[in-house]
>>> print(open('model-v8.cif').read())   # mmCIF, C-alpha atoms
data_data
#
loop_
_atom_site.group_PDB
_atom_site.id
_atom_site.type_symbol
_atom_site.label_atom_id
_atom_site.label_comp_id
_atom_site.auth_asym_id
_atom_site.auth_seq_id
_atom_site.Cartn_x
_atom_site.Cartn_y
_atom_site.Cartn_z
ATOM 1 C CA MET A 884 6.807 -30.366 50.955
ATOM 2 C CA ILE A 885 4.093 -30.778 53.584
ATOM 3 C CA ASN A 886 3.620 -27.042 54.123
ATOM 4 C CA ARG A 887 3.331 -26.584 50.370
ATOM 5 C CA LEU A 888 0.523 -29.135 50.072
ATOM 6 C CA VAL A 889 -1.421 -27.543 52.899
ATOM 7 C CA ILE A 890 -1.213 -24.065 51.354
ATOM 8 C CA ILE A 891 -2.179 -25.428 47.920
ATOM 9 C CA ILE A 892 -5.312 -27.035 49.340
ATOM 10 C CA PHE A 893 -6.371 -23.862 51.167
ATOM 11 C CA LEU A 894 -5.761 -21.550 48.219
ATOM 12 C CA VAL A 895 -7.255 -23.807 45.573
ATOM 13 C CA ALA A 896 -10.364 -24.234 47.709
ATOM 14 C CA SER A 897 -10.691 -20.439 47.529
ATOM 15 C CA LEU A 898 -10.239 -20.511 43.752
ATOM 16 C CA THR A 899 -12.928 -23.141 43.271
ATOM 17 C CA CYS A 900 -15.354 -20.856 45.102
ATOM 18 C CA VAL A 901 -14.535 -18.098 42.599
ATOM 19 C CA ALA A 902 -14.841 -20.466 39.640
ATOM 20 C CA GLN A 903 -18.325 -21.672 40.588
ATOM 21 C CA THR A 904 -21.321 -20.045 38.907
ATOM 22 C CA GLN A 905 -24.656 -18.924 40.326
ATOM 23 C CA SER A 906 -26.186 -22.150 39.019
ATOM 24 C CA ASP A 907 -24.178 -24.173 41.567
ATOM 25 C CA VAL A 908 -27.071 -24.610 43.973
ATOM 26 C CA ASN A 909 -25.987 -27.979 45.400
ATOM 27 C CA VAL A 910 -24.085 -28.149 48.655
ATOM 28 C CA SER A 911 -20.408 -28.284 47.596
ATOM 29 C CA GLU A 912 -17.085 -29.376 49.075
ATOM 30 C CA GLY A 913 -15.368 -26.451 47.352
ATOM 31 C CA GLY A 914 -16.964 -23.796 49.542
ATOM 32 C CA TYR A 915 -20.133 -21.929 50.302
ATOM 33 C CA GLY A 916 -19.796 -19.218 47.661
ATOM 34 C CA MET A 917 -18.574 -15.635 47.914
ATOM 35 C CA ILE A 918 -20.461 -14.658 51.066
ATOM 36 C CA LYS A 919 -19.483 -11.526 52.969
ATOM 37 C CA THR A 920 -18.911 -13.163 56.368
ATOM 38 C CA ASN A 921 -18.040 -16.828 56.971
ATOM 39 C CA ILE A 922 -17.918 -18.429 60.437
ATOM 40 C CA THR A 923 -16.647 -21.977 60.980
ATOM 41 C CA VAL A 924 -16.299 -23.976 64.199
ATOM 42 C CA ASN A 925 -14.975 -27.545 64.309
ATOM 43 C CA TYR A 926 -13.746 -30.191 66.737
ATOM 44 C CA ASP A 927 -11.817 -33.383 66.029
ATOM 45 C CA HIS A 928 -10.584 -36.328 68.074
ATOM 46 C CA THR A 929 -7.802 -38.727 67.055
ATOM 47 C CA TRP A 930 -7.009 -41.837 69.055
ATOM 48 C CA ASN A 931 -3.321 -40.997 69.429
ATOM 49 C CA ALA A 932 -0.919 -38.732 71.364
ATOM 50 C CA VAL A 933 -2.075 -35.619 69.454
ATOM 51 C CA SER A 934 -5.662 -36.243 70.401
ATOM 52 C CA ASP A 935 -7.978 -33.240 70.367
ATOM 53 C CA GLY A 936 -8.207 -30.211 68.126
ATOM 54 C CA PHE A 937 -10.575 -27.249 68.162
ATOM 55 C CA GLY A 938 -10.776 -24.450 65.640
ATOM 56 C CA ALA A 939 -12.905 -21.332 65.141
ATOM 57 C CA ARG A 940 -12.454 -19.195 62.035
ATOM 58 C CA VAL A 941 -14.077 -15.906 60.971
ATOM 59 C CA SER A 942 -13.574 -14.306 57.560
ATOM 60 C CA TYR A 943 -15.040 -10.875 56.765
ATOM 61 C CA GLN A 944 -15.157 -9.450 53.243
ATOM 62 C CA ALA A 945 -14.256 -5.794 53.768
ATOM 63 C CA TYR A 946 -14.139 -4.646 50.131
ATOM 64 C CA LYS A 947 -15.166 -5.979 46.722
ATOM 65 C CA ASN A 948 -15.301 -4.656 43.150
ATOM 66 C CA ASP A 949 -15.144 -6.263 39.700
ATOM 67 C CA TRP A 950 -11.500 -7.307 40.027
ATOM 68 C CA LEU A 951 -10.466 -7.129 43.704
ATOM 69 C CA THR A 952 -11.726 -8.597 46.979
ATOM 70 C CA LEU A 953 -10.182 -7.832 50.389
ATOM 71 C CA SER A 954 -10.976 -9.978 53.428
ATOM 72 C CA ALA A 955 -9.935 -9.908 57.068
ATOM 73 C CA ASN A 956 -9.374 -13.291 58.731
ATOM 74 C CA PHE A 957 -9.205 -14.492 62.327
ATOM 75 C CA LYS A 958 -8.606 -18.026 63.606
ATOM 76 C CA HIS A 959 -8.404 -19.454 67.115
ATOM 77 C CA SER A 960 -7.211 -23.031 67.603
ATOM 78 C CA SER A 961 -6.238 -25.370 70.400
ATOM 79 C CA VAL A 962 -4.394 -28.703 70.385
ATOM 80 C CA THR A 963 -4.040 -31.270 73.184
ATOM 81 C CA VAL A 964 -0.925 -33.484 73.199
ATOM 82 C CA ASP A 965 0.136 -36.266 75.546
ATOM 83 C CA PHE A 966 3.390 -37.816 74.320
ATOM 84 C CA GLU A 967 4.990 -40.805 76.014
ATOM 85 C CA LYS A 968 8.639 -40.792 77.099
ATOM 86 C CA ASP A 969 9.929 -42.511 73.936
ATOM 87 C CA ASP A 970 7.771 -40.644 71.405
ATOM 88 C CA LEU A 971 10.298 -37.852 70.750
ATOM 89 C CA SER A 972 13.597 -38.175 68.864
ATOM 90 C CA ASP A 973 17.193 -37.081 69.603
ATOM 91 C CA GLY A 974 17.037 -37.801 73.323
ATOM 92 C CA TYR A 975 14.210 -35.354 74.077
ATOM 93 C CA THR A 976 11.344 -36.291 76.397
ATOM 94 C CA PRO A 977 7.996 -34.536 76.971
ATOM 95 C CA GLY A 978 9.135 -33.549 80.457
ATOM 96 C CA ASN A 979 12.385 -31.846 79.440
ATOM 97 C CA VAL A 980 10.783 -29.795 76.660
ATOM 98 C CA SER A 981 7.438 -28.968 78.377
ATOM 99 C CA ILE A 982 5.370 -29.994 75.363
ATOM 100 C CA ASN A 983 2.475 -31.972 76.883
ATOM 101 C CA GLY A 984 -0.828 -30.277 77.651
ATOM 102 C CA THR A 985 -3.337 -28.092 75.801
ATOM 103 C CA HIS A 986 -1.881 -25.309 73.651
ATOM 104 C CA VAL A 987 -3.682 -22.403 71.993
ATOM 105 C CA MET A 988 -2.804 -20.232 69.013
ATOM 106 C CA GLY A 989 -4.407 -17.252 67.289
ATOM 107 C CA GLN A 990 -3.938 -16.062 63.718
ATOM 108 C CA VAL A 991 -4.934 -12.680 62.284
ATOM 109 C CA GLY A 992 -4.466 -11.746 58.649
ATOM 110 C CA VAL A 993 -5.628 -10.165 55.412
ATOM 111 C CA THR A 994 -6.374 -11.880 52.090
ATOM 112 C CA ALA A 995 -6.562 -10.168 48.698
ATOM 113 C CA ASN A 996 -8.166 -11.926 45.699
ATOM 114 C CA VAL A 997 -7.600 -10.549 42.189
ATOM 115 C CA ARG A 998 -9.658 -11.555 39.124
ATOM 116 C CA THR A 999 -8.606 -10.448 35.638
ATOM 117 C CA LYS A 1000 -7.544 -11.763 32.193
ATOM 118 C CA LEU A 1001 -4.089 -12.948 31.125
ATOM 119 C CA PHE A 1002 -3.411 -13.983 27.513
ATOM 120 C CA GLY A 1003 -7.154 -14.037 27.018
ATOM 121 C CA LYS A 1004 -7.674 -16.546 29.874
ATOM 122 C CA PRO A 1005 -9.175 -15.971 33.341
ATOM 123 C CA PHE A 1006 -6.465 -15.260 35.906
ATOM 124 C CA PHE A 1007 -6.838 -15.428 39.684
ATOM 125 C CA GLY A 1008 -4.291 -14.083 42.146
ATOM 126 C CA ILE A 1009 -4.263 -14.485 45.926
ATOM 127 C CA ALA A 1010 -2.072 -12.709 48.475
ATOM 128 C CA MET A 1011 -2.235 -13.762 52.138
ATOM 129 C CA VAL A 1012 -0.463 -11.941 54.962
ATOM 130 C CA GLY A 1013 -0.918 -13.301 58.468
ATOM 131 C CA SER A 1014 0.401 -12.999 62.007
ATOM 132 C CA ASP A 1015 0.656 -15.807 64.582
ATOM 133 C CA TRP A 1016 0.002 -15.358 68.293
ATOM 134 C CA GLY A 1017 0.726 -17.823 71.100
ATOM 135 C CA LYS A 1018 0.654 -17.851 74.893
ATOM 136 C CA SER A 1019 3.707 -15.569 74.918
ATOM 137 C CA GLY A 1020 2.066 -13.034 72.586
ATOM 138 C CA PHE A 1021 3.085 -12.184 69.024
ATOM 139 C CA GLU A 1022 5.271 -14.826 67.329
ATOM 140 C CA ARG A 1023 5.763 -14.145 63.598
ATOM 141 C CA VAL A 1024 4.408 -12.734 60.324
ATOM 142 C CA SER A 1025 4.328 -14.774 57.119
ATOM 143 C CA ALA A 1026 2.917 -14.317 53.622
ATOM 144 C CA THR A 1027 1.890 -16.405 50.622
ATOM 145 C CA LEU A 1028 1.428 -15.234 47.026
ATOM 146 C CA MET A 1029 -0.162 -17.313 44.298
ATOM 147 C CA GLY A 1030 -1.259 -16.696 40.715
ATOM 148 C CA MET A 1031 -3.234 -19.165 38.621
ATOM 149 C CA ILE A 1032 -4.233 -18.939 34.969
ATOM 150 C CA MET A 1033 -7.344 -20.952 34.161
ATOM 151 C CA LEU A 1034 -6.580 -22.839 30.954
ATOM 152 C CA ARG A 1035 -10.149 -24.087 31.039
ATOM 153 C CA ALA A 1036 -12.962 -22.447 33.013
ATOM 154 C CA THR A 1037 -16.479 -23.618 32.176
ATOM 155 C CA ARG A 1038 -19.417 -24.507 34.377
ATOM 156 C CA ASN A 1039 -18.426 -28.181 34.325
ATOM 157 C CA THR A 1040 -14.618 -28.063 34.142
ATOM 158 C CA GLN A 1041 -11.947 -25.843 35.669
ATOM 159 C CA PHE A 1042 -8.240 -26.443 35.129
ATOM 160 C CA GLY A 1043 -5.537 -24.005 36.203
ATOM 161 C CA ILE A 1044 -1.800 -23.778 36.809
ATOM 162 C CA GLY A 1045 0.527 -21.124 38.224
ATOM 163 C CA PRO A 1046 3.311 -20.169 40.678
ATOM 164 C CA LEU A 1047 3.179 -20.033 44.461
ATOM 165 C CA VAL A 1048 5.693 -18.158 46.644
ATOM 166 C CA MET A 1049 5.993 -18.246 50.446
ATOM 167 C CA VAL A 1050 7.704 -15.653 52.638
ATOM 168 C CA ASN A 1051 9.055 -16.429 56.149
ATOM 169 C CA SER A 1052 7.776 -20.002 56.286
ATOM 170 C CA SER A 1053 9.489 -23.190 57.454
ATOM 171 C CA SER A 1054 9.547 -24.622 53.909
ATOM 172 C CA LYS A 1055 13.016 -25.191 52.462
ATOM 173 C CA ILE A 1056 11.647 -24.637 48.914
ATOM 174 C CA PRO A 1057 9.671 -21.363 49.024
ATOM 175 C CA ALA A 1058 8.560 -21.220 45.338
ATOM 176 C CA PHE A 1059 7.018 -23.832 43.023
ATOM 177 C CA LEU A 1060 4.176 -24.526 40.542
ATOM 178 C CA VAL A 1061 0.681 -25.562 41.632
ATOM 179 C CA PHE A 1062 -2.373 -26.764 39.746
ATOM 180 C CA MET A 1063 -6.041 -27.597 40.237
ATOM 181 C CA TYR A 1064 -8.601 -29.620 38.300
ATOM 182 C CA ARG A 1065 -12.323 -29.792 38.969
ATOM 183 C CA HIS A 1066 -14.832 -31.604 36.761
ATOM 184 C CA ARG A 1067 -18.595 -32.014 37.093
ATOM 185 C CA PHE A 1068 -19.856 -35.223 35.474
ATOM 186 C CA ASN A 1069 -23.501 -34.352 36.153
ATOM 187 C CA ASP A 1070 -25.590 -32.525 38.763
ATOM 188 C CA LYS A 1071 -24.851 -35.214 41.356
ATOM 189 C CA LEU A 1072 -21.248 -36.315 40.742
ATOM 190 C CA GLN A 1073 -17.980 -34.356 40.483
ATOM 191 C CA LEU A 1074 -14.219 -34.788 40.813
ATOM 192 C CA ASN A 1075 -11.726 -32.549 42.638
ATOM 193 C CA LEU A 1076 -7.963 -32.887 42.151
ATOM 194 C CA TYR A 1077 -5.517 -30.386 43.637
ATOM 195 C CA GLY A 1078 -2.088 -30.501 45.226
ATOM 196 C CA GLY A 1079 -1.888 -34.300 44.968
ATOM 197 C CA MET A 1080 -5.331 -34.702 46.563
ATOM 198 C CA LEU A 1081 -8.298 -36.548 45.086
ATOM 199 C CA GLY A 1082 -11.948 -36.389 46.061
ATOM 200 C CA ILE A 1083 -15.160 -37.774 44.556
ATOM 201 C CA GLU A 1084 -18.269 -35.813 45.558
ATOM 202 C CA TYR A 1085 -21.819 -37.144 45.361
ATOM 203 C CA ASN A 1086 -24.925 -35.027 45.921
ATOM 204 C CA PRO A 1087 -27.884 -37.377 46.566
ATOM 205 C CA THR A 1088 -30.017 -34.245 47.083
ATOM 206 C CA LYS A 1089 -29.367 -30.509 46.825
ATOM 207 C CA ASN A 1090 -28.935 -30.257 50.606
ATOM 208 C CA ASN A 1091 -26.652 -33.260 51.138
ATOM 209 C CA LEU A 1092 -23.099 -34.095 50.063
ATOM 210 C CA ILE A 1093 -21.094 -37.298 50.503
ATOM 211 C CA THR A 1094 -17.369 -37.169 49.723
ATOM 212 C CA ALA A 1095 -14.923 -40.073 49.448
ATOM 213 C CA GLY A 1096 -11.346 -38.861 49.401
ATOM 214 C CA ALA A 1097 -8.695 -37.415 51.673
ATOM 215 C CA ASP A 1098 -7.388 -34.180 53.132
ATOM 216 C CA ILE A 1099 -4.231 -32.910 54.821
ATOM 217 C CA ASP A 1100 -4.717 -31.837 58.420
ATOM 218 C CA VAL A 1101 -2.247 -29.554 60.205
ATOM 219 C CA LYS A 1102 -2.045 -28.982 63.937
ATOM 220 C CA SER A 1103 0.466 -26.416 65.199
ATOM 221 C CA PHE A 1104 1.224 -24.257 68.191
ATOM 222 C CA TYR A 1105 4.043 -22.290 69.841
ATOM 223 C CA PHE A 1106 5.454 -23.293 73.219
ATOM 224 C CA LYS A 1107 8.204 -22.246 75.621
ATOM 225 C CA ALA A 1108 10.635 -25.169 75.513
ATOM 226 C CA GLU A 1109 12.623 -24.466 78.724
ATOM 227 C CA ASN A 1110 15.544 -26.524 77.381
ATOM 228 C CA GLU A 1111 19.004 -25.118 76.716
ATOM 229 C CA ARG A 1112 19.336 -27.172 73.511
ATOM 230 C CA LEU A 1113 16.289 -25.483 71.994
ATOM 231 C CA PRO A 1114 15.268 -21.912 71.143
ATOM 232 C CA ASP A 1115 13.326 -20.085 73.849
ATOM 233 C CA ILE A 1116 10.115 -20.287 71.784
ATOM 234 C CA CYS A 1117 9.503 -23.309 69.530
ATOM 235 C CA ARG A 1118 6.827 -24.163 66.985
ATOM 236 C CA PHE A 1119 5.297 -27.638 66.898
ATOM 237 C CA THR A 1120 3.751 -28.769 63.611
ATOM 238 C CA MET A 1121 2.090 -32.096 62.909
ATOM 239 C CA THR A 1122 0.773 -32.823 59.437
ATOM 240 C CA SER A 1123 -1.415 -35.838 58.695
ATOM 241 C CA PHE A 1124 -2.831 -37.399 55.546
ATOM 242 C CA ARG A 1125 -6.419 -38.441 56.248
ATOM 243 C CA PRO A 1126 -8.332 -40.806 53.927
ATOM 244 C CA MET A 1127 -11.970 -40.362 54.898
ATOM 245 C CA ILE A 1128 -15.666 -40.369 54.235
ATOM 246 C CA LYS A 1129 -17.323 -36.978 54.760
ATOM 247 C CA TYR A 1130 -20.958 -35.936 55.043
ATOM 248 C CA ARG A 1131 -22.209 -32.363 54.691
ATOM 249 C CA HIS A 1132 -25.803 -31.245 55.263
ATOM 250 C CA ARG A 1133 -27.372 -27.830 54.677
ATOM 251 C CA LEU A 1134 -29.463 -27.198 57.786
ATOM 252 C CA ALA A 1135 -30.819 -23.864 56.549
ATOM 253 C CA LYS A 1136 -29.836 -21.152 54.089
ATOM 254 C CA ASN A 1137 -26.059 -20.600 54.534
ATOM 255 C CA LEU A 1138 -25.928 -22.935 57.565
ATOM 256 C CA TYR A 1139 -24.006 -26.224 57.174
ATOM 257 C CA PHE A 1140 -23.187 -29.248 59.322
ATOM 258 C CA ASP A 1141 -20.159 -31.492 58.617
ATOM 259 C CA ALA A 1142 -19.165 -34.913 59.961
ATOM 260 C CA GLN A 1143 -16.214 -36.950 58.753
ATOM 261 C CA GLY A 1144 -14.214 -39.938 59.843
ATOM 262 C CA GLY A 1145 -11.366 -42.120 58.669
ATOM 263 C CA VAL A 1146 -7.712 -42.870 59.309
ATOM 264 C CA SER A 1147 -5.013 -40.345 60.240
ATOM 265 C CA LEU A 1148 -1.542 -41.125 58.831
ATOM 266 C CA LYS A 1149 1.452 -39.086 59.985
ATOM 267 C CA MET A 1150 3.303 -37.247 57.228
ATOM 268 C CA SER A 1151 5.424 -34.968 59.398
ATOM 269 C CA CYS A 1152 5.713 -34.236 63.112
ATOM 270 C CA ARG A 1153 8.473 -31.823 64.005
ATOM 271 C CA VAL A 1154 9.640 -28.935 66.157
ATOM 272 C CA ASN A 1155 11.313 -25.827 64.689
ATOM 273 C CA GLY A 1156 12.209 -22.450 66.077
ATOM 274 C CA LYS A 1157 9.471 -19.923 65.545
ATOM 275 C CA ASN A 1158 11.457 -18.682 62.510
ATOM 276 C CA GLY A 1159 13.705 -20.605 60.145
ATOM 277 C CA THR A 1160 13.730 -24.105 58.695
ATOM 278 C CA LYS A 1161 15.960 -25.980 61.158
ATOM 279 C CA GLU A 1162 14.247 -29.028 62.655
ATOM 280 C CA TYR A 1163 15.260 -29.908 66.232
ATOM 281 C CA PHE A 1164 13.321 -33.149 66.740
ATOM 282 C CA ASP A 1165 10.335 -35.100 65.485
ATOM 283 C CA CYS A 1166 7.764 -37.387 67.106
ATOM 284 C CA LYS A 1167 6.260 -40.831 66.660
ATOM 285 C CA GLN A 1168 2.622 -41.214 65.665
ATOM 286 C CA SER A 1169 1.060 -44.515 64.622
ATOM 287 C CA PRO A 1170 -1.895 -44.710 62.178
ATOM 288 C CA SER A 1171 -5.078 -43.910 64.097
ATOM 289 C CA LEU A 1172 -8.800 -43.543 63.617
ATOM 290 C CA PHE A 1173 -10.224 -40.020 63.795
ATOM 291 C CA PHE A 1174 -13.597 -38.281 63.863
ATOM 292 C CA GLN A 1175 -14.349 -34.625 63.154
ATOM 293 C CA THR A 1176 -17.495 -32.525 63.248
ATOM 294 C CA GLY A 1177 -18.200 -28.859 62.550
ATOM 295 C CA VAL A 1178 -20.709 -26.134 61.774
ATOM 296 C CA SER A 1179 -20.338 -23.321 59.229
ATOM 297 C CA TYR A 1180 -22.493 -20.236 58.819
ATOM 298 C CA SER A 1181 -22.353 -17.508 56.205
ATOM 299 C CA LEU A 1182 -23.900 -14.064 56.572
#
>>> encode(input="model-v8.cif", output="structure tokens")
Amino acid sequence: MINRLVIIIFLVASLTCVAQTQSDVNVSEGGYGMIKTNITVNYDHTWNAVSDGFGARVSYQAYKNDWLTLSANFKHSSVTVDFEKDDLSDGYTPGNVSINGTHVMGQVGVTANVRTKLFGKPFFGIAMVGSDWGKSGFERVSATLMGMIMLRATRNTQFGIGPLVMVNSSSKIPAFLVFMYRHRFNDKLQLNLYGGMLGIEYNPTKNNLITAGADIDVKSFYFKAENERLPDICRFTMTSFRPMIKYRHRLAKNLYFDAQGGVSLKMSCRVNGKNGTKEYFDCKQSPSLFFQTGVSYSL
């Protein structure tokens, strides 16, 4: 369930960029528009055992015509963990699974966006194929396919629904329906609802955005467990629900600064093999304050 929500949020954020018109000149939570190259760098700190996260993402639009867009994507991330002896389940300790420390992961992939008509309604399709890389090198390839028919698609309101399918993920239910709803009340106030998430956005000026809502944050990495009860290479995934207040400021054309803070609530914290859905153990995480900042630039 957690993996599904994360993918919904990422993909629907892409769809809201497509659904926006050229008149959307305010800074927006939904994205920066269909720019050829997007670069994002962010850092966050949570006052808990999974404490520090860093991410750098580059997306390059390699091809575009009236109905198809192809983009290449690269992401580098690092996560610092410092679990106590009793934080892990099933008799595992940080020492006997070699999990504590700073871990890095790279992801390289391709995204295809399709725009057409279906039953007289706008239809958007997204296909994502990506590869994960850890300290030991290549780890796995996975893919996600989603189609969404926009039952309503005007400047002020977008509502869509459609199927999503995942290939080679850790989700035990690889196919399901997703939806999104976005409504603009006026030039300063709008509502976003997607994948069980809710956000109210307020633009006091064209260059500033304040959002009250929540997101789902995922931190993951691969590590060599060095424990005979575990696979040689394991994947750690922690997913948190984060109610927050967020501020975004446009520093210059296509250059944005973000700062957000709130409470991080654990939804899932588990260790799997690098493939498959079997969960070997989970971890304790108490509710904690967090702060995150980042910069985004589009070319």
>>> residues_near_point(input="model-v8.cif", point="(6.8, -29.1, 63.5)", cutoff="8 Å", atoms="only C-alpha atoms", output="list in words")
Ser1103, Arg1118, Phe1119, Thr1120, Met1121, Ser1151, Cys1152, Arg1153, Val1154, Asn1155, Glu1162 and Asp1165 of chain A
>>> resolve_selection(input="model-v8.cif", expression="the PyMOL selection byres ((chain A and resi 1139) around 12)", output="PyMOL selection string")
chain A and resi 910-912+914-915+921-925+1090-1092+1130-1138+1140-1142+1176-1181
>>> resolve_selection(input="model-v8.cif", expression="the PyMOL selection byres ((chain A and resi 982) around 9)", output="CSV table (one decimal) with C-alpha atoms, in the frame of the given file")
chain,number,residue,atom,x,y,z
A,964,VAL,CA,-0.9,-33.5,73.2
A,965,ASP,CA,0.1,-36.3,75.5
A,966,PHE,CA,3.4,-37.8,74.3
A,976,THR,CA,11.3,-36.3,76.4
A,977,PRO,CA,8.0,-34.5,77.0
A,978,GLY,CA,9.1,-33.5,80.5
A,979,ASN,CA,12.4,-31.8,79.4
A,980,VAL,CA,10.8,-29.8,76.7
A,981,SER,CA,7.4,-29.0,78.4
A,983,ASN,CA,2.5,-32.0,76.9
A,984,GLY,CA,-0.8,-30.3,77.7
A,985,THR,CA,-3.3,-28.1,75.8
A,986,HIS,CA,-1.9,-25.3,73.7
A,1106,PHE,CA,5.5,-23.3,73.2
A,1107,LYS,CA,8.2,-22.2,75.6
A,1108,ALA,CA,10.6,-25.2,75.5
A,1119,PHE,CA,5.3,-27.6,66.9
>>> residues_around(input="model-v8.cif", residues="Gly1144 in chain A", least_positions_apart="6", cutoff="6 Å", atoms="only C-alpha atoms", output="JSON, numbers by chain")
{"A": [1127, 1128, 1173, 1174]}
>>> residues_around(input="model-v8.cif", residues="Met1031 in chain A", least_positions_apart="4", cutoff="8 Å", atoms="all atoms listed in the file", output="count of residues only")
8
>>> axis_aligned_box(input="model-v8.cif", around="range 1168-1172 of chain A", padding_each_side="5 Å", output="JSON")
{"center_x": -3.1, "center_y": -43.0, "center_z": 63.9, "size_x": 21.4, "size_y": 13.5, "size_z": 13.5}
>>> closest_residue(input="model-v8.cif", among="A:Val1146, A:Met1049, A:Met988, A:Ala932", to="Asp969 in chain A", atoms="only C-alpha atoms")
A:Ala932
>>> atom_distance(input="model-v8.cif", atom1="CA of Glu1084 in chain A", atom2="CA of Asp1070 in chain A")
10.5 Å
>>> resolve_selection(input="model-v8.cif", expression="the PyMOL selection byres ((chain A and resi 1099) around 8)", output="number ranges by chain")
A: 888-889, 1097-1098, 1100-1101, 1122-1125
>>> residues_around(input="model-v8.cif", residues="Ser1025 in chain A", least_positions_apart="3", cutoff="9 Å", atoms="only C-alpha atoms", output="mmCIF file with C-alpha atoms, in the coordinates of the input")
data_model
loop_
_atom_site.group_PDB
_atom_site.id
_atom_site.type_symbol
_atom_site.label_atom_id
_atom_site.label_comp_id
_atom_site.auth_asym_id
_atom_site.auth_seq_id
_atom_site.Cartn_x
_atom_site.Cartn_y
_atom_site.Cartn_z
ATOM 1 C CA MET A 1011 -2.235 -13.762 52.138
ATOM 2 C CA VAL A 1012 -0.463 -11.941 54.962
ATOM 3 C CA GLY A 1013 -0.918 -13.301 58.468
ATOM 4 C CA SER A 1014 0.401 -12.999 62.007
ATOM 5 C CA ASP A 1015 0.656 -15.807 64.582
ATOM 6 C CA MET A 1049 5.993 -18.246 50.446
ATOM 7 C CA VAL A 1050 7.704 -15.653 52.638
ATOM 8 C CA ASN A 1051 9.055 -16.429 56.149
ATOM 9 C CA SER A 1052 7.776 -20.002 56.286
#
>>> residues_around(input="model-v8.cif", residues="Leu951 in chain A", least_positions_apart="3", cutoff="9 Å", atoms="only C-alpha atoms", output="ChimeraX atom specification")
/A:946-948,995-999
